[in-house]
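I have placed the structure first, in the form of structure tokens, so that the comments after it can refer back to it.
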Amino acid sequence: MWWPQNLVQVSLFRSLHEKEKRGRWSNSGERKGLTRNQFFLIALVCSFAYYVFPGYLFPMLTSLSWICWIFPNSILAQQIGSGLHGLGVGAIGLDWSSISSYLGSPLASPWFATANIAVGFVLVMYVITPITYWLNIYQAKTFPIFSDGLFTSTGQKYNISAIVDSNFRLDVDAYERIGPLRISTFFAMAYGICFACLTSTIMHVLLFHGSEIWGLTKGAMQEKNVDIHTRLMRRYKQVPEWWFGCILLVNIIATIVACQYYNDQLQFPWWAVLLACALAFFFTLPIGVIRATTNQSPALNVITEYIIGYIYPERPVANMCFKVYGFISMKQGLAFLEDFKLGHYMKIPPRTMFMAQVVGTLVSAVVHLGTAWWVMETIPDICDRALLPAGSPWTCPSDHVFYDASVIWGLVGPRRIFGDLGSYSAINWFFLAGAVAPLLVWLAHKAFPSQQWIRLITMPVLLGGMVNMPPATAVNYTSWIIVAFLSGYVAYRYHRNWWKRHNYVLSGALDAGLAFMGVLLHAFLGLNRISLHWWGSGSDGCSLASCPTAPGVFIDHCPIL
């Protein structure tokens, strides 16, 4: 089975290295049209040239929220129309980095997966969120309608430093004095969707793929039903299992030693390392199945935070370490499998792939660390939204959510948020809802086997597509869905064969052009602090979208109702 992202890579490789004749025959008997190589270069140049506008000259292209321009003084209108801080009705982004940053390339997504994501987005953003907000569930009107912030019960920003003691643990007396930590209702519902996504993933894989996985496992052990690709790959020397075992063992031991030696800083016990590895091992198969068939990966980050938050509470650093070892190791394992799958179909020797992965991992670790260090040293006020100039790209939305998660799950702990001591305990019912939803789809499929579209309802994708919000915003989804459906419509209605040949090439070209221009803009303009300040340098112009609508709540720049 192909991983959808592999199709982009294979198309890119073929465009760059494979000799290809022109597209079609002319009346004179000669080939005419563009080869995929030529098409790739043209698309790359266009993407490279265009990104100077959203990347530097006109950053507002990231989110065009026209409803806010029509109603500049209406909180309600801006809550509805803001693509960055609201529901994003009518908002559109003309920036490929905004479109592909969270859900991947819309050109590489299977149509049924796109439809599931679109349904999930509409259900959460345009049904659940408005209902919970305007019914004032969990005092929703006291907080912004869409926010990843941490608040007091009066809607003010929570002072986290006031509840942390010298050992980076929770000061219970200070916490009780200040009051319980509150989050926006949308943020609470987003965590609930994560709960449901996890249980729906397990149930969906068991119901729809359980027998298939069992059959393939027995066939692999007995070497039955071996496909042509596997037979061809047997000509190469395989990677011995003990190579993988040694790397795994060395890394686990090194991690345990580091955690024990730096225990005061990391707060991370040795048994937590083994538990994180066990979680990653358990969830790799079900999440890998969803990834391979839909190009979407249900997240494991929330359940890791939840588990360690209960077992080992009030230790934010330990919570984040457990999250990294439990979730990121699984995510990287799937990326490793994805690359091996690519090498399998491209007939690259397994040992060559293995060495490329090992060397690439070592190099990327050094480069990532060096780049992060360099960026933090060269960008003033990086990630500080209060001090950064308007339109700055260094707002770090993912890092803000990561920090908030360390407070919610690590410092304060899930028991004081989602447990018997918290205000959001009802959110735990999402676990049950996520387990029941695939069962209902499976029963409907069994009751109406002739209706094949029922089987295409994939609850882990329908729910899991939303686990990126926040940090993803409404405009990231609306733009992604529009491009994905336009791509599908063009392929179905017009030049189907041409689009099949060039769709993945276009996706790779857009990514490459964006990357090259992004590096140049930072190297030649960002480092020299050369920036533009005009109307188009700001955000989406919806400054009132983050205002509360509860009476008497005072927030800077917001009117008091």
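Going by the structure tokens order, chains are called A, B, ..., each with residues numbered from 1, while ligands are numbered from 1 in the order shown.
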Exercise. Just list the residues in region 325-536 of chain A DSSP gives alpha helix (DSSP H) on the backbone, as an NGL selection string.
Key: :A and (329-346 or 350-378 or 397-405 or 414-417 or 429-447 or 459-464 or 474-493 or 496-521)
Quiz item: Which polymer residues have any atom within 12 Å of an atom of Trp134 (chain A), counting only C-alpha atoms, with same-chain residues fewer than 5 positions away left out, as a list in words?
Solution: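 Final neighbour list, sorted by chain and number: Leu76, Gln79, Val127, Ile128, Thr129, Gln139, Ala140, Lys141, Thr142, Phe143, Pro144, Ile145, Thr185, Phe186, Pro548, Thr549 and Ala550 of chain A.
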C-alpha atoms of the current selection, written as a PDB file, in the first residue's frame:
ATOM      1  CA  LEU A  76     -19.885  39.317  16.460  1.00  0.00           C
ATOM      2  CA  GLN A  79     -15.772  36.470  15.567  1.00  0.00           C
ATOM      3  CA  VAL A 127     -21.859  23.558  14.753  1.00  0.00           C
ATOM      4  CA  ILE A 128     -20.222  22.627  18.077  1.00  0.00           C
ATOM      5  CA  THR A 129     -18.224  25.834  18.612  1.00  0.00           C
ATOM      6  CA  GLN A 139     -18.419  30.492  30.747  1.00  0.00           C
ATOM      7  CA  ALA A 140     -17.439  30.582  27.079  1.00  0.00           C
ATOM      8  CA  LYS A 141     -18.344  34.249  26.597  1.00  0.00           C
ATOM      9  CA  THR A 142     -15.838  35.283  29.258  1.00  0.00           C
ATOM     10  CA  PHE A 143     -13.012  34.162  26.958  1.00  0.00           C
ATOM     11  CA  PRO A 144     -12.244  34.563  23.244  1.00  0.00           C
ATOM     12  CA  ILE A 145     -14.291  32.336  20.952  1.00  0.00           C
ATOM     13  CA  THR A 185     -14.428  26.509  25.502  1.00  0.00           C
ATOM     14  CA  PHE A 186     -13.085  25.835  22.022  1.00  0.00           C
ATOM     15  CA  PRO A 548     -15.061  38.434  25.223  1.00  0.00           C
ATOM     16  CA  THR A 549     -18.791  39.108  25.027  1.00  0.00           C
ATOM     17  CA  ALA A 550     -19.710  38.500  28.671  1.00  0.00           C
TER      18      ALA A 550
END
Exercise. Quick one: everything within 12 Å of region 157-165 of chain A, counting only C-alpha atoms, minus sequence neighbours fewer than 6 positions away in the same chain. Send it as a VMD selection string.
Key: chain A and resid 142 to 144 147 to 151 171 to 184 314 to 316 403 to 404 406 to 408 410 to 412 554 to 556
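Nearest to Pro313 (chain A) of all the residues A:Gly419, A:Pro397, A:Pro414, A:Gly465 is A:Pro414, based on only C-alpha atoms.
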Hey, what's within 7 Å of region 325-329 of chain A if we count only C-alpha atoms and toss same-chain stuff fewer than 5 positions away? As a PDB file with N, CA, C and O atoms, in the first residue's frame, please?
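Output file around02.pdb is given in full below:
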ATOM      1  N   ALA A 276       6.760   5.230  28.165  1.00  0.00           N
ATOM      2  CA  ALA A 276       6.606   6.001  26.932  1.00  0.00           C
ATOM      3  C   ALA A 276       6.903   5.141  25.710  1.00  0.00           C
ATOM      4  O   ALA A 276       6.190   5.207  24.690  1.00  0.00           O
ATOM      5  N   CYS A 277       7.942   4.320  25.804  1.00  0.00           N
ATOM      6  CA  CYS A 277       8.275   3.424  24.685  1.00  0.00           C
ATOM      7  C   CYS A 277       7.164   2.409  24.450  1.00  0.00           C
ATOM      8  O   CYS A 277       6.847   2.078  23.297  1.00  0.00           O
ATOM      9  N   LEU A 279       3.938   2.811  25.053  1.00  0.00           N
ATOM     10  CA  LEU A 279       2.824   3.494  24.399  1.00  0.00           C
ATOM     11  C   LEU A 279       3.099   3.698  22.917  1.00  0.00           C
ATOM     12  O   LEU A 279       2.214   3.484  22.071  1.00  0.00           O
ATOM     13  N   ALA A 280       4.307   4.123  22.601  1.00  0.00           N
ATOM     14  CA  ALA A 280       4.662   4.327  21.196  1.00  0.00           C
ATOM     15  C   ALA A 280       4.566   3.020  20.416  1.00  0.00           C
ATOM     16  O   ALA A 280       4.065   2.983  19.277  1.00  0.00           O
ATOM     17  N   LEU A 300      -1.008  11.464  19.146  1.00  0.00           N
ATOM     18  CA  LEU A 300      -0.810  10.698  20.374  1.00  0.00           C
ATOM     19  C   LEU A 300      -0.359  11.600  21.514  1.00  0.00           C
ATOM     20  O   LEU A 300      -0.192  11.139  22.638  1.00  0.00           O
ATOM     21  N   ASN A 301      -0.186  12.884  21.229  1.00  0.00           N
ATOM     22  CA  ASN A 301       0.412  13.766  22.230  1.00  0.00           C
ATOM     23  C   ASN A 301      -0.478  13.960  23.457  1.00  0.00           C
ATOM     24  O   ASN A 301       0.008  13.990  24.588  1.00  0.00           O
ATOM     25  N   THR A 304      -0.562  10.923  25.954  1.00  0.00           N
ATOM     26  CA  THR A 304       0.677  10.804  26.725  1.00  0.00           C
ATOM     27  C   THR A 304       0.711  11.830  27.854  1.00  0.00           C
ATOM     28  O   THR A 304       1.122  11.510  28.982  1.00  0.00           O
TER      29      THR A 304
END
Self-check item: Pairwise distance for CA of Gly83 (chain A) and CA of Ala299 (chain A), rounded to one decimal in Å
Solution: 23.4 Å
Self-check item: Closest of A:Ala196, A:Val366, A:Ile80, A:Ile287 to Phe430 (chain A) - atom-to-atom distances counting only C-alpha atoms
Solution: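 So, comparing all the options, the nearest one is A:Ala196.
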Exercise. For Pro59 (chain A), list every protein, DNA or RNA residue within 7 Å, evaluated using only C-alpha atoms, and leave out those in the same chain fewer than 4 positions away; present the list as a PyMOL selection string.
Key: chain A and resi 53-55+391+536-538
Quiz item: Using only C-alpha atoms, which of the listed residues (A:Ser65, A:Ser487, A:Gln452, A:Asn73) sits closest to His557 (chain A)?
Solution: A:Asn73
Practice problem: Give me, please, the distance in Å between CA of Pro460 (chain A) and CA of Val205 (chain A), quoted to one decimal. | Solution: 9.3 Å
Exercise. Using only C-alpha atoms, find the one residue out of A:Tyr191, A:Phe71, A:Phe322, A:Trp374 that sits nearest to Leu274 (chain A).
Key: A:Phe322
Quiz item: Looking at only C-alpha atoms, which of A:Ala278, A:Val239, A:Val289, A:Met233 is the one that sits closest to Met346 (chain A)?
Solution: A:Met233
Practice problem: Find the spatial neighbours of Phe40 (chain A), counting only C-alpha atoms, within a cut-off of 8 Å - ignore same-chain residues fewer than 5 positions away - and output them as a VMD selection string. | Solution: chain A and resid 15 505 to 506 508 to 509
Quiz item: So which residues touch region 456-458 of chain A within 8 Å, counting only C-alpha atoms, skipping near sequence neighbours fewer than 4 positions away, as an MDAnalysis selection string?
Solution: chainID A and resid 112:113 116 204 438 441 452 462
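Candidate residues A:Pro298, A:Gly155, A:Pro393, A:Pro349 were compared for distance to Asn468 (chain A), and the nearest is A:Pro298, using only C-alpha atoms.
When CA of Trp453 (chain A) is paired with CA of Gly120 (chain A), their separation reads 16.3 Å.
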